[in-house]
Protein chains: 2
Amino acid sequence: MQRLPRTPRGAALMAVIEEAAALHLRAQAVVEQLHGRPELTNACRGVLRDLARLGPRTVPQLARGRECSRQHVQVLVNRLAADGMAELIPNPDHRRSPLVRLTPAGRDTLEAMWRREGDVIDELPTALQVGELEGATRVLREMRLLLEGARPLQVTKEEQR
Amino acid sequence: MQRLPRTPRGAALMAVIEEAAALHLRAQAVVEQLHGRPELTNACRGVLRDLARLGPRTVPQLARGRECSRQHVQVLVNRLAADGMAELIPNPDHRRSPLVRLTPAGRDTLEAMWRREGDVIDELPTALQVGELEGATRVLREMRLLLEGARPLQVTKEEQR
DNA sequence: CGCAGGATGACAAGAGCCTTGTCAATATGG
DNA sequence: CCATATTGACAAGGCTCTTGTCATCCTGCG
């Protein structure tokens with residue numbers, strides 16, 4: 001039973017992917033127990049982050065940016081709205097599709113999350129140098145772009161059925 | 001609204017985590033469409049990989065190695081057994097808890113998966129050097145170990161209720 | 001302007017992943 | 001030998017996400 005990239009470079013690429021996956025899972029676990037259960041679910045937090053990063057957006061816009069179905073995003077947004085984390089405001093460009101905006105409560109929640117995460121990150125006792133970290137980041141980004149390759153995007157017409 | 005690690009190192013660590021997550025998701029998407037839907041689901045593939053890596057194991061052993069509930073792993077194993085990918089063989093050390101072992105069909109399936117993945121990896125057109133990749137792998141591993149910190153493990157007694 | 005076709009919100013059914021709780025049968029260790 | 005723990009099986013339920021369907025709204029084209 002062979003580990004199958006056959007070139008040294010292939011093996012090294014595979015190792016990076018595996019470690020990236022392991023780190024991601026571990027980081028997610030840390031984040032999970034950091035914000036505890038009671039707060040928002042993972043997917044909701046993702047939408048919240050998008051709203052903070054991108055500003056008010058309609059549901060379909062959020063869905064496109066997230067590469068998942070607009071119906072699902074709709075559910076998440078409705079949940080956030082019900083929880084007072086987001087609100088729907090009139091959209092001057094579209095009467096049927098309101099803009100979703102963070103409420104102050106949503107903003108506070110997000111900032112508390114970021115503060116908790118930042119605290120953990122800043123206190124990690126590591127000897128890693130900023131230069132090494134930047135090198136790793138660059139490698140990871142390049143690999144992601146490679147894997148994105150010629151990716152199709154932006155279709156719609158209800159995703160071509 | 002601030003991105004909150006306050007030190008340069010914190011920001012660099014955060015960047016690595018974010019890129020690792022992005023790469024992981026992208027790699028998962030590639031793998032997903034590589035093996036197509038008809039085959040096994042993601043979780044089943046994970047168990048299959050564990051079986052190949054670790055050899056015959058009981059369900060509870062698999063669950064502990066995977067940090068998820070034994071009940072869930074049981075379901076996955078039952079599914080694999082039903083699909084002919086794994087088989088249950090008598091366990092000399094435990095009459096009630098059989099060992100789960102890959103069948104030849106399971107092994108073939110796994111090897112086909114690895115071959116497909118290896119082919120994609122080996123053919124990525126990248127200028128990244130093996131040394132850079134190894135550096136990135138080292139950084140990622142170190143960060144994961146940092147985040148594992150003093151992690152509790154191996155509790156049981158039905159997970160302390 | 002009028003209208004066809006696309007976009008949007010809402011709802012539903014369903015798949016996959018995972019958890020906790022429970023139960024009966026079996027192991028284990030003192 | 002017996003209390004305690006483990007194991008397999010089943011159930012209920014939550015979260016994430018998909019696809020399909022509808023009625024309604026919007027937009028662009030003629």
# chains A, B, ... in the order shown; residues from 1 in each chain; ligands from 1
call {"tool": "residues_around", "arguments": {"residues": "segment 14-22 of chain C", "least_positions_apart": "3", "cutoff": "12 Å", "atoms": "only C-alpha atoms (C1' of nucleotides)", "output": "PDB file with N, CA and C atoms (P, O5', C5', C4', C3', O3' and C1' of nucleotides), in the first residue's frame"}}
result
ATOM      1  N   ARG B  37     -19.450  11.300  -6.595  1.00  0.00           N
ATOM      2  CA  ARG B  37     -20.442  10.957  -5.607  1.00  0.00           C
ATOM      3  C   ARG B  37     -20.616   9.448  -5.395  1.00  0.00           C
ATOM      4  N   LEU B  40     -17.741   6.127  -1.886  1.00  0.00           N
ATOM      5  CA  LEU B  40     -18.012   6.268  -0.457  1.00  0.00           C
ATOM      6  C   LEU B  40     -18.118   7.721  -0.046  1.00  0.00           C
ATOM      7  N   THR B  41     -18.764   7.946   1.054  1.00  0.00           N
ATOM      8  CA  THR B  41     -18.838   9.309   1.573  1.00  0.00           C
ATOM      9  C   THR B  41     -17.518   9.648   2.252  1.00  0.00           C
ATOM     10  N   ASN B  42     -17.379  10.913   2.548  1.00  0.00           N
ATOM     11  CA  ASN B  42     -16.162  11.439   3.115  1.00  0.00           C
ATOM     12  C   ASN B  42     -15.772  10.747   4.415  1.00  0.00           C
ATOM     13  N   ALA B  43     -16.714  10.629   5.309  1.00  0.00           N
ATOM     14  CA  ALA B  43     -16.428  10.035   6.607  1.00  0.00           C
ATOM     15  C   ALA B  43     -16.027   8.576   6.462  1.00  0.00           C
ATOM     16  N   CYS B  44     -16.698   7.873   5.568  1.00  0.00           N
ATOM     17  CA  CYS B  44     -16.347   6.476   5.337  1.00  0.00           C
ATOM     18  C   CYS B  44     -14.930   6.367   4.804  1.00  0.00           C
ATOM     19  N   GLU B  67     -11.141  10.820  17.576  1.00  0.00           N
ATOM     20  CA  GLU B  67     -11.790  11.821  18.420  1.00  0.00           C
ATOM     21  C   GLU B  67     -13.225  12.078  18.025  1.00  0.00           C
ATOM     22  N   CYS B  68     -13.968  11.037  17.844  1.00  0.00           N
ATOM     23  CA  CYS B  68     -15.401  11.235  17.703  1.00  0.00           C
ATOM     24  C   CYS B  68     -16.094  10.033  18.312  1.00  0.00           C
ATOM     25  N   SER B  69     -17.385  10.138  18.479  1.00  0.00           N
ATOM     26  CA  SER B  69     -18.067   9.142  19.304  1.00  0.00           C
ATOM     27  C   SER B  69     -18.011   7.747  18.698  1.00  0.00           C
ATOM     28  N   ARG B  70     -17.889   6.770  19.554  1.00  0.00           N
ATOM     29  CA  ARG B  70     -17.794   5.391  19.061  1.00  0.00           C
ATOM     30  C   ARG B  70     -19.085   5.004  18.356  1.00  0.00           C
ATOM     31  N   GLN B  71     -20.214   5.574  18.782  1.00  0.00           N
ATOM     32  CA  GLN B  71     -21.477   5.233  18.125  1.00  0.00           C
ATOM     33  C   GLN B  71     -21.456   5.651  16.660  1.00  0.00           C
ATOM     34  N   HIS B  72     -20.880   6.809  16.423  1.00  0.00           N
ATOM     35  CA  HIS B  72     -20.822   7.274  15.039  1.00  0.00           C
ATOM     36  C   HIS B  72     -19.900   6.387  14.213  1.00  0.00           C
ATOM     37  N   VAL B  73     -18.743   6.088  14.757  1.00  0.00           N
ATOM     38  CA  VAL B  73     -17.804   5.228  14.031  1.00  0.00           C
ATOM     39  C   VAL B  73     -18.446   3.875  13.771  1.00  0.00           C
ATOM     40  N   VAL B  75     -21.505   3.217  13.179  1.00  0.00           N
ATOM     41  CA  VAL B  75     -22.384   3.337  12.016  1.00  0.00           C
ATOM     42  C   VAL B  75     -21.575   3.328  10.723  1.00  0.00           C
ATOM     43  N   LEU B  76     -20.488   4.081  10.718  1.00  0.00           N
ATOM     44  CA  LEU B  76     -19.663   4.132   9.511  1.00  0.00           C
ATOM     45  C   LEU B  76     -19.099   2.756   9.180  1.00  0.00           C
ATOM     46  N   GLU B 158     -17.596   5.943  29.215  1.00  0.00           N
ATOM     47  CA  GLU B 158     -18.580   6.531  28.306  1.00  0.00           C
ATOM     48  C   GLU B 158     -18.434   8.043  28.347  1.00  0.00           C
ATOM     49  N   GLU B 159     -17.192   8.473  28.138  1.00  0.00           N
ATOM     50  CA  GLU B 159     -16.829   9.905  28.064  1.00  0.00           C
ATOM     51  C   GLU B 159     -17.299  10.683  29.284  1.00  0.00           C
ATOM     52  N   GLN B 160     -17.202  10.100  30.443  1.00  0.00           N
ATOM     53  CA  GLN B 160     -17.529  10.792  31.693  1.00  0.00           C
ATOM     54  C   GLN B 160     -18.948  11.302  31.749  1.00  0.00           C
ATOM     55  N   ARG B 161     -19.789  10.751  30.906  1.00  0.00           N
ATOM     56  CA  ARG B 161     -21.203  11.190  30.887  1.00  0.00           C
ATOM     57  C   ARG B 161     -21.309  12.641  30.541  1.00  0.00           C
TER      58      ARG B 161
ATOM     59  P    DA D   9     -23.709  -4.330  16.002  1.00  0.00           P
ATOM     60  O5'  DA D   9     -25.059  -3.640  16.522  1.00  0.00           O
ATOM     61  C5'  DA D   9     -25.936  -4.414  17.341  1.00  0.00           C
ATOM     62  C4'  DA D   9     -27.100  -3.548  17.756  1.00  0.00           C
ATOM     63  C3'  DA D   9     -27.666  -2.689  16.615  1.00  0.00           C
ATOM     64  O3'  DA D   9     -29.039  -3.005  16.464  1.00  0.00           O
ATOM     65  C1'  DA D   9     -27.318  -1.402  18.590  1.00  0.00           C
ATOM     66  P    DC D  10     -29.883  -2.489  15.254  1.00  0.00           P
ATOM     67  O5'  DC D  10     -30.711  -1.312  15.942  1.00  0.00           O
ATOM     68  C5'  DC D  10     -31.442  -1.603  17.133  1.00  0.00           C
ATOM     69  C4'  DC D  10     -31.891  -0.309  17.776  1.00  0.00           C
ATOM     70  C3'  DC D  10     -32.445   0.719  16.782  1.00  0.00           C
ATOM     71  O3'  DC D  10     -33.792   0.974  17.092  1.00  0.00           O
ATOM     72  C1'  DC D  10     -31.005   1.726  18.376  1.00  0.00           C
ATOM     73  P    DA D  11     -34.684   1.943  16.142  1.00  0.00           P
ATOM     74  O5'  DA D  11     -34.728   3.277  17.007  1.00  0.00           O
ATOM     75  C5'  DA D  11     -34.787   3.175  18.425  1.00  0.00           C
ATOM     76  C4'  DA D  11     -34.824   4.571  19.030  1.00  0.00           C
ATOM     77  C3'  DA D  11     -35.417   5.614  18.087  1.00  0.00           C
ATOM     78  O3'  DA D  11     -36.286   6.454  18.834  1.00  0.00           O
ATOM     79  C1'  DA D  11     -33.242   6.280  18.761  1.00  0.00           C
ATOM     80  P    DA D  12     -37.312   7.377  18.047  1.00  0.00           P
ATOM     81  O5'  DA D  12     -36.788   8.818  18.485  1.00  0.00           O
ATOM     82  C5'  DA D  12     -36.395   9.019  19.846  1.00  0.00           C
ATOM     83  C4'  DA D  12     -35.635  10.328  19.960  1.00  0.00           C
ATOM     84  C3'  DA D  12     -36.142  11.415  19.015  1.00  0.00           C
ATOM     85  O3'  DA D  12     -36.257  12.615  19.749  1.00  0.00           O
ATOM     86  C1'  DA D  12     -33.812  11.139  18.746  1.00  0.00           C
ATOM     87  P    DG D  13     -36.975  13.880  19.120  1.00  0.00           P
ATOM     88  O5'  DG D  13     -35.754  14.873  18.845  1.00  0.00           O
ATOM     89  C5'  DG D  13     -34.727  14.961  19.828  1.00  0.00           C
ATOM     90  C4'  DG D  13     -33.510  15.616  19.224  1.00  0.00           C
ATOM     91  C3'  DG D  13     -33.844  16.687  18.179  1.00  0.00           C
ATOM     92  O3'  DG D  13     -33.162  17.865  18.548  1.00  0.00           O
ATOM     93  C1'  DG D  13     -32.135  15.276  17.407  1.00  0.00           C
ATOM     94  P    DG D  14     -33.632  19.238  17.856  1.00  0.00           P
ATOM     95  O5'  DG D  14     -32.233  19.933  17.547  1.00  0.00           O
ATOM     96  C5'  DG D  14     -31.200  19.868  18.512  1.00  0.00           C
ATOM     97  C4'  DG D  14     -29.874  20.142  17.828  1.00  0.00           C
ATOM     98  C3'  DG D  14     -30.004  21.220  16.754  1.00  0.00           C
ATOM     99  O3'  DG D  14     -28.962  22.170  16.916  1.00  0.00           O
ATOM    100  C1'  DG D  14     -29.048  19.227  15.827  1.00  0.00           C
ATOM    101  P    DC D  15     -28.986  23.477  16.091  1.00  0.00           P
ATOM    102  O5'  DC D  15     -27.893  23.197  14.975  1.00  0.00           O
ATOM    103  C5'  DC D  15     -26.559  22.931  15.358  1.00  0.00           C
ATOM    104  C4'  DC D  15     -25.773  22.591  14.122  1.00  0.00           C
ATOM    105  C3'  DC D  15     -25.971  23.609  12.985  1.00  0.00           C
ATOM    106  O3'  DC D  15     -24.688  24.073  12.590  1.00  0.00           O
ATOM    107  C1'  DC D  15     -26.264  21.378  12.206  1.00  0.00           C
ATOM    108  P    DT D  16     -24.571  25.211  11.509  1.00  0.00           P
ATOM    109  O5'  DT D  16     -24.336  24.371  10.176  1.00  0.00           O
ATOM    110  C5'  DT D  16     -23.166  23.603  10.063  1.00  0.00           C
ATOM    111  C4'  DT D  16     -23.160  22.899   8.732  1.00  0.00           C
ATOM    112  C3'  DT D  16     -23.421  23.850   7.551  1.00  0.00           C
ATOM    113  O3'  DT D  16     -22.396  23.625   6.586  1.00  0.00           O
ATOM    114  C1'  DT D  16     -24.811  21.942   7.424  1.00  0.00           C
ATOM    115  P    DC D  17     -22.109  24.827   5.543  1.00  0.00           P
ATOM    116  O5'  DC D  17     -22.979  24.329   4.295  1.00  0.00           O
ATOM    117  C5'  DC D  17     -22.619  23.107   3.659  1.00  0.00           C
ATOM    118  C4'  DC D  17     -23.800  22.506   2.923  1.00  0.00           C
ATOM    119  C3'  DC D  17     -24.537  23.403   1.920  1.00  0.00           C
ATOM    120  O3'  DC D  17     -23.984  23.208   0.617  1.00  0.00           O
ATOM    121  C1'  DC D  17     -25.939  21.787   2.997  1.00  0.00           C
ATOM    122  P    DT D  18     -24.669  23.917  -0.670  1.00  0.00           P
ATOM    123  O5'  DT D  18     -25.492  22.768  -1.417  1.00  0.00           O
ATOM    124  C5'  DT D  18     -25.193  21.410  -1.140  1.00  0.00           C
ATOM    125  C4'  DT D  18     -26.182  20.518  -1.845  1.00  0.00           C
ATOM    126  C3'  DT D  18     -26.913  21.166  -3.011  1.00  0.00           C
ATOM    127  O3'  DT D  18     -26.664  20.439  -4.212  1.00  0.00           O
ATOM    128  C1'  DT D  18     -28.482  20.247  -1.431  1.00  0.00           C
ATOM    129  P    DT D  19     -27.139  21.117  -5.580  1.00  0.00           P
ATOM    130  O5'  DT D  19     -28.616  20.531  -5.773  1.00  0.00           O
ATOM    131  C5'  DT D  19     -28.857  19.148  -5.671  1.00  0.00           C
ATOM    132  C4'  DT D  19     -30.351  18.915  -5.750  1.00  0.00           C
ATOM    133  C3'  DT D  19     -31.050  19.659  -6.905  1.00  0.00           C
ATOM    134  O3'  DT D  19     -31.833  18.710  -7.614  1.00  0.00           O
ATOM    135  C1'  DT D  19     -32.142  20.131  -4.819  1.00  0.00           C
ATOM    136  P    DG D  20     -32.680  19.164  -8.908  1.00  0.00           P
ATOM    137  O5'  DG D  20     -34.128  19.505  -8.313  1.00  0.00           O
ATOM    138  C5'  DG D  20     -34.828  18.514  -7.601  1.00  0.00           C
ATOM    139  C4'  DG D  20     -36.169  19.051  -7.142  1.00  0.00           C
ATOM    140  C3'  DG D  20     -36.887  19.908  -8.190  1.00  0.00           C
ATOM    141  O3'  DG D  20     -38.241  19.468  -8.281  1.00  0.00           O
ATOM    142  C1'  DG D  20     -36.758  21.074  -6.124  1.00  0.00           C
TER     143       DG D  20
END
call {"tool": "select_by_dssp", "arguments": {"residues": "chain B", "states": "strand (DSSP E)", "output": "VMD selection string"}}
result
chain B and resid 86 to 91 94 to 102
call {"tool": "select_by_dssp", "arguments": {"residues": "segment 25-80 of chain A", "states": "helix (DSSP H, G or I)", "output": "MDAnalysis selection string"}}
result
chainID A and resid 25:35 42:54 59:66 70:80
call {"tool": "write_last_selection", "arguments": {"atoms": "N, CA and C atoms", "output": "tab-separated table (two decimals), in the first residue's frame"}}
result
chain	number	residue	atom	x	y	z
A	25	LEU	N	-8.40	21.65	11.37
A	25	LEU	CA	-9.31	20.94	12.27
A	25	LEU	C	-9.01	21.29	13.72
A	26	ARG	N	-7.74	21.35	14.04
A	26	ARG	CA	-7.39	21.67	15.42
A	26	ARG	C	-7.83	23.09	15.76
A	27	ALA	N	-7.57	24.02	14.84
A	27	ALA	CA	-7.96	25.41	15.08
A	27	ALA	C	-9.47	25.51	15.25
A	28	GLN	N	-10.19	24.77	14.43
A	28	GLN	CA	-11.64	24.80	14.55
A	28	GLN	C	-12.08	24.30	15.91
A	29	ALA	N	-11.43	23.26	16.39
A	29	ALA	CA	-11.79	22.72	17.70
A	29	ALA	C	-11.54	23.75	18.78
A	30	VAL	N	-10.39	24.44	18.66
A	30	VAL	CA	-10.07	25.46	19.66
A	30	VAL	C	-11.11	26.57	19.62
A	31	VAL	N	-11.41	27.05	18.41
A	31	VAL	CA	-12.39	28.11	18.26
A	31	VAL	C	-13.74	27.67	18.83
A	32	GLU	N	-14.08	26.45	18.53
A	32	GLU	CA	-15.37	25.91	18.98
A	32	GLU	C	-15.52	26.01	20.49
A	33	GLN	N	-14.49	25.54	21.19
A	33	GLN	CA	-14.65	25.54	22.64
A	33	GLN	C	-14.37	26.91	23.23
A	34	LEU	N	-13.77	27.77	22.42
A	34	LEU	CA	-13.50	29.13	22.88
A	34	LEU	C	-14.81	29.91	22.97
A	35	HIS	N	-15.60	29.82	21.93
A	35	HIS	CA	-16.86	30.57	21.92
A	35	HIS	C	-17.98	29.78	22.55
A	42	ASN	N	-21.44	27.57	13.87
A	42	ASN	CA	-20.31	27.84	13.01
A	42	ASN	C	-20.71	28.55	11.71
A	43	ALA	N	-21.72	28.03	11.07
A	43	ALA	CA	-22.13	28.61	9.79
A	43	ALA	C	-22.64	30.04	9.98
A	44	CYS	N	-23.36	30.27	11.05
A	44	CYS	CA	-23.85	31.62	11.33
A	44	CYS	C	-22.69	32.58	11.55
A	45	ARG	N	-21.69	32.09	12.27
A	45	ARG	CA	-20.52	32.94	12.49
A	45	ARG	C	-19.87	33.29	11.16
A	46	GLY	N	-19.86	32.36	10.25
A	46	GLY	CA	-19.28	32.63	8.95
A	46	GLY	C	-20.00	33.77	8.24
A	47	VAL	N	-21.31	33.72	8.28
A	47	VAL	CA	-22.10	34.77	7.63
A	47	VAL	C	-21.84	36.11	8.33
A	48	LEU	N	-21.77	36.05	9.64
A	48	LEU	CA	-21.51	37.26	10.41
A	48	LEU	C	-20.18	37.88	9.98
A	49	ARG	N	-19.17	37.02	9.83
A	49	ARG	CA	-17.86	37.52	9.41
A	49	ARG	C	-17.95	38.14	8.03
A	50	ASP	N	-18.68	37.49	7.13
A	50	ASP	CA	-18.82	38.05	5.78
A	50	ASP	C	-19.48	39.42	5.85
A	51	LEU	N	-20.50	39.54	6.68
A	51	LEU	CA	-21.20	40.82	6.78
A	51	LEU	C	-20.25	41.90	7.29
A	52	ALA	N	-19.39	41.53	8.23
A	52	ALA	CA	-18.46	42.52	8.78
A	52	ALA	C	-17.42	42.89	7.73
A	53	ARG	N	-17.01	41.90	6.97
A	53	ARG	CA	-15.94	42.12	6.01
A	53	ARG	C	-16.44	42.88	4.78
A	54	LEU	N	-17.64	42.57	4.36
A	54	LEU	CA	-18.11	43.10	3.09
A	54	LEU	C	-19.14	44.21	3.22
A	59	VAL	N	-28.94	38.54	0.37
A	59	VAL	CA	-28.71	37.11	0.58
A	59	VAL	C	-28.05	36.45	-0.63
A	60	PRO	N	-28.55	36.66	-1.83
A	60	PRO	CA	-27.90	36.03	-2.99
A	60	PRO	C	-26.45	36.46	-3.15
A	61	GLN	N	-26.14	37.72	-2.82
A	61	GLN	CA	-24.75	38.15	-2.92
A	61	GLN	C	-23.89	37.37	-1.92
A	62	LEU	N	-24.39	37.23	-0.70
A	62	LEU	CA	-23.65	36.47	0.31
A	62	LEU	C	-23.42	35.04	-0.17
A	63	ALA	N	-24.45	34.46	-0.75
A	63	ALA	CA	-24.36	33.07	-1.19
A	63	ALA	C	-23.30	32.92	-2.27
A	64	ARG	N	-23.28	33.86	-3.20
A	64	ARG	CA	-22.29	33.75	-4.27
A	64	ARG	C	-20.88	33.85	-3.70
A	65	GLY	N	-20.69	34.75	-2.75
A	65	GLY	CA	-19.36	34.92	-2.18
A	65	GLY	C	-18.92	33.71	-1.39
A	66	ARG	N	-19.87	32.89	-0.99
A	66	ARG	CA	-19.58	31.78	-0.11
A	66	ARG	C	-19.65	30.45	-0.84
A	70	ARG	N	-28.10	29.68	-2.20
A	70	ARG	CA	-28.72	30.86	-1.61
A	70	ARG	C	-29.79	30.46	-0.61
A	71	GLN	N	-30.43	29.32	-0.83
A	71	GLN	CA	-31.47	28.88	0.10
A	71	GLN	C	-30.89	28.64	1.48
A	72	HIS	N	-29.72	28.06	1.50
A	72	HIS	CA	-29.10	27.80	2.79
A	72	HIS	C	-28.70	29.10	3.48
A	73	VAL	N	-28.08	29.98	2.72
A	73	VAL	CA	-27.69	31.26	3.30
A	73	VAL	C	-28.92	31.99	3.83
A	74	GLN	N	-30.01	31.86	3.09
A	74	GLN	CA	-31.25	32.51	3.53
A	74	GLN	C	-31.64	32.04	4.92
A	75	VAL	N	-31.55	30.75	5.13
A	75	VAL	CA	-31.90	30.19	6.43
A	75	VAL	C	-30.98	30.76	7.52
A	76	LEU	N	-29.70	30.80	7.21
A	76	LEU	CA	-28.74	31.30	8.20
A	76	LEU	C	-29.03	32.76	8.52
A	77	VAL	N	-29.29	33.53	7.47
A	77	VAL	CA	-29.57	34.95	7.68
A	77	VAL	C	-30.85	35.12	8.51
A	78	ASN	N	-31.85	34.33	8.19
A	78	ASN	CA	-33.09	34.44	8.96
A	78	ASN	C	-32.84	34.12	10.44
A	79	ARG	N	-31.96	33.16	10.65
A	79	ARG	CA	-31.65	32.80	12.03
A	79	ARG	C	-30.94	33.96	12.72
A	80	LEU	N	-29.97	34.53	12.01
A	80	LEU	CA	-29.24	35.66	12.59
A	80	LEU	C	-30.19	36.81	12.89
call {"tool": "closest_atom_pairs", "arguments": {"of": "chain C", "to": "chain A", "cutoff": "10 Å", "atoms": "only C-alpha atoms (C1' of nucleotides)", "output": "tab-separated table"}}
result
residue	atom	partner	partner_atom	distance
C:DG5	C1'	A:Lys157	CA	9.9
C:DG6	C1'	A:Lys157	CA	6.5
C:DA7	C1'	A:Lys157	CA	8.0
C:DT8	C1'	A:Ser97	CA	6.5
C:DG9	C1'	A:Gln74	CA	8.0
C:DA10	C1'	A:Gln71	CA	8.9
call {"tool": "closest_atom_pairs", "arguments": {"of": "chain D", "to": "chain B", "cutoff": "10 Å", "atoms": "only C-alpha atoms (C1' of nucleotides)", "output": "tab-separated table"}}
result
residue	atom	partner	partner_atom	distance
D:DT4	C1'	B:Lys157	CA	9.8
D:DA5	C1'	B:Lys157	CA	6.5
D:DT6	C1'	B:Lys157	CA	8.0
D:DT7	C1'	B:Ser97	CA	6.5
D:DG8	C1'	B:Gln74	CA	8.0
D:DA9	C1'	B:Gln71	CA	8.9
call {"tool": "write_last_selection", "arguments": {"atoms": "N, CA and C atoms (P, O5', C5', C4', C3', O3' and C1' of nucleotides)", "output": "compact mmCIF listing (two decimals), in the first residue's frame"}}
result
# COMPACT_ATOMS: atom_id res chain seq x y z
P DT D 4 -20.22 -0.39 41.96
O5' DT D 4 -19.34 -0.30 40.64
C5' DT D 4 -17.95 -0.66 40.69
C4' DT D 4 -17.37 -0.63 39.28
C3' DT D 4 -17.95 0.48 38.40
O3' DT D 4 -16.86 1.12 37.75
C1' DT D 4 -18.08 -1.58 37.27
P DA D 5 -17.06 2.38 36.84
O5' DA D 5 -16.59 1.85 35.41
C5' DA D 5 -15.36 1.14 35.35
C4' DA D 5 -15.20 0.53 33.96
C3' DA D 5 -15.55 1.48 32.81
O3' DA D 5 -14.50 1.40 31.86
C1' DA D 5 -16.81 -0.55 32.63
P DT D 6 -14.58 2.17 30.50
O5' DT D 6 -15.02 1.03 29.47
C5' DT D 6 -14.28 -0.18 29.43
C4' DT D 6 -14.86 -1.10 28.39
C3' DT D 6 -15.10 -0.46 27.02
O3' DT D 6 -14.52 -1.33 26.06
C1' DT D 6 -17.06 -1.55 27.77
P DT D 7 -14.30 -0.86 24.57
O5' DT D 7 -15.59 -1.43 23.84
C5' DT D 7 -15.76 -2.86 23.77
C4' DT D 7 -17.15 -3.22 23.30
C3' DT D 7 -17.61 -2.54 22.02
O3' DT D 7 -17.70 -3.53 21.01
C1' DT D 7 -19.35 -2.66 23.64
P DG D 8 -17.87 -3.04 19.48
O5' DG D 8 -19.42 -3.29 19.20
C5' DG D 8 -19.93 -4.60 19.28
C4' DG D 8 -21.44 -4.57 19.19
C3' DG D 8 -22.00 -3.87 17.95
O3' DG D 8 -23.02 -4.71 17.40
C1' DG D 8 -22.96 -2.93 19.92
P DA D 9 -23.71 -4.33 16.00
O5' DA D 9 -25.06 -3.64 16.52
C5' DA D 9 -25.94 -4.41 17.34
C4' DA D 9 -27.10 -3.55 17.76
C3' DA D 9 -27.67 -2.69 16.61
O3' DA D 9 -29.04 -3.01 16.46
C1' DA D 9 -27.32 -1.40 18.59
call {"tool": "atom_distance", "arguments": {"atom1": "atom CA of Gly106 of chain A", "atom2": "atom CA of Ala86 of chain A"}}
result
6.2 Å
call {"tool": "closest_atom_pairs", "arguments": {"of": "chain B", "to": "chain A", "cutoff": "7 Å", "atoms": "only C-alpha atoms", "output": "JSON lines"}}
result
{"residue": "B:Leu4", "atom": "CA", "partner": "A:Gly118", "partner_atom": "CA", "distance": 5.1}
{"residue": "B:Pro5", "atom": "CA", "partner": "A:Gly118", "partner_atom": "CA", "distance": 4.3}
{"residue": "B:Thr7", "atom": "CA", "partner": "A:Asp122", "partner_atom": "CA", "distance": 6.6}
{"residue": "B:Arg9", "atom": "CA", "partner": "A:Val130", "partner_atom": "CA", "distance": 5.6}
{"residue": "B:Gly10", "atom": "CA", "partner": "A:Asp122", "partner_atom": "CA", "distance": 4.8}
{"residue": "B:Ala12", "atom": "CA", "partner": "A:Leu133", "partner_atom": "CA", "distance": 5.9}
{"residue": "B:Leu13", "atom": "CA", "partner": "A:Leu133", "partner_atom": "CA", "distance": 6.5}
{"residue": "B:Ala15", "atom": "CA", "partner": "A:Thr137", "partner_atom": "CA", "distance": 6.6}
{"residue": "B:Val16", "atom": "CA", "partner": "A:Thr137", "partner_atom": "CA", "distance": 5.0}
{"residue": "B:Ile17", "atom": "CA", "partner": "A:His24", "partner_atom": "CA", "distance": 6.7}
{"residue": "B:Glu19", "atom": "CA", "partner": "A:Leu140", "partner_atom": "CA", "distance": 5.9}
{"residue": "B:Ala20", "atom": "CA", "partner": "A:Ala20", "partner_atom": "CA", "distance": 4.8}
{"residue": "B:Ala21", "atom": "CA", "partner": "A:His24", "partner_atom": "CA", "distance": 5.1}
{"residue": "B:Leu23", "atom": "CA", "partner": "A:Arg144", "partner_atom": "CA", "distance": 4.9}
{"residue": "B:His24", "atom": "CA", "partner": "A:Ala21", "partner_atom": "CA", "distance": 5.1}
{"residue": "B:Arg26", "atom": "CA", "partner": "A:Arg144", "partner_atom": "CA", "distance": 6.5}
{"residue": "B:Ala27", "atom": "CA", "partner": "A:Leu147", "partner_atom": "CA", "distance": 6.9}
{"residue": "B:Trp114", "atom": "CA", "partner": "A:Leu4", "partner_atom": "CA", "distance": 5.8}
{"residue": "B:Arg115", "atom": "CA", "partner": "A:Leu4", "partner_atom": "CA", "distance": 5.9}
{"residue": "B:Gly118", "atom": "CA", "partner": "A:Pro5", "partner_atom": "CA", "distance": 4.3}
{"residue": "B:Asp119", "atom": "CA", "partner": "A:Pro5", "partner_atom": "CA", "distance": 6.9}
{"residue": "B:Ile121", "atom": "CA", "partner": "A:Gly10", "partner_atom": "CA", "distance": 5.6}
{"residue": "B:Asp122", "atom": "CA", "partner": "A:Gly10", "partner_atom": "CA", "distance": 4.8}
{"residue": "B:Leu124", "atom": "CA", "partner": "A:Leu146", "partner_atom": "CA", "distance": 6.9}
{"residue": "B:Val130", "atom": "CA", "partner": "A:Arg9", "partner_atom": "CA", "distance": 5.6}
{"residue": "B:Leu133", "atom": "CA", "partner": "A:Ala12", "partner_atom": "CA", "distance": 5.9}
{"residue": "B:Glu134", "atom": "CA", "partner": "A:Ala12", "partner_atom": "CA", "distance": 6.4}
{"residue": "B:Ala136", "atom": "CA", "partner": "A:Ala136", "partner_atom": "CA", "distance": 4.4}
{"residue": "B:Thr137", "atom": "CA", "partner": "A:Val16", "partner_atom": "CA", "distance": 5.0}
{"residue": "B:Val139", "atom": "CA", "partner": "A:Ala136", "partner_atom": "CA", "distance": 6.8}
{"residue": "B:Leu140", "atom": "CA", "partner": "A:Glu19", "partner_atom": "CA", "distance": 5.9}
{"residue": "B:Arg141", "atom": "CA", "partner": "A:Glu19", "partner_atom": "CA", "distance": 6.1}
{"residue": "B:Arg144", "atom": "CA", "partner": "A:Leu23", "partner_atom": "CA", "distance": 4.9}
{"residue": "B:Leu146", "atom": "CA", "partner": "A:Leu124", "partner_atom": "CA", "distance": 6.9}
{"residue": "B:Leu147", "atom": "CA", "partner": "A:Arg26", "partner_atom": "CA", "distance": 6.8}
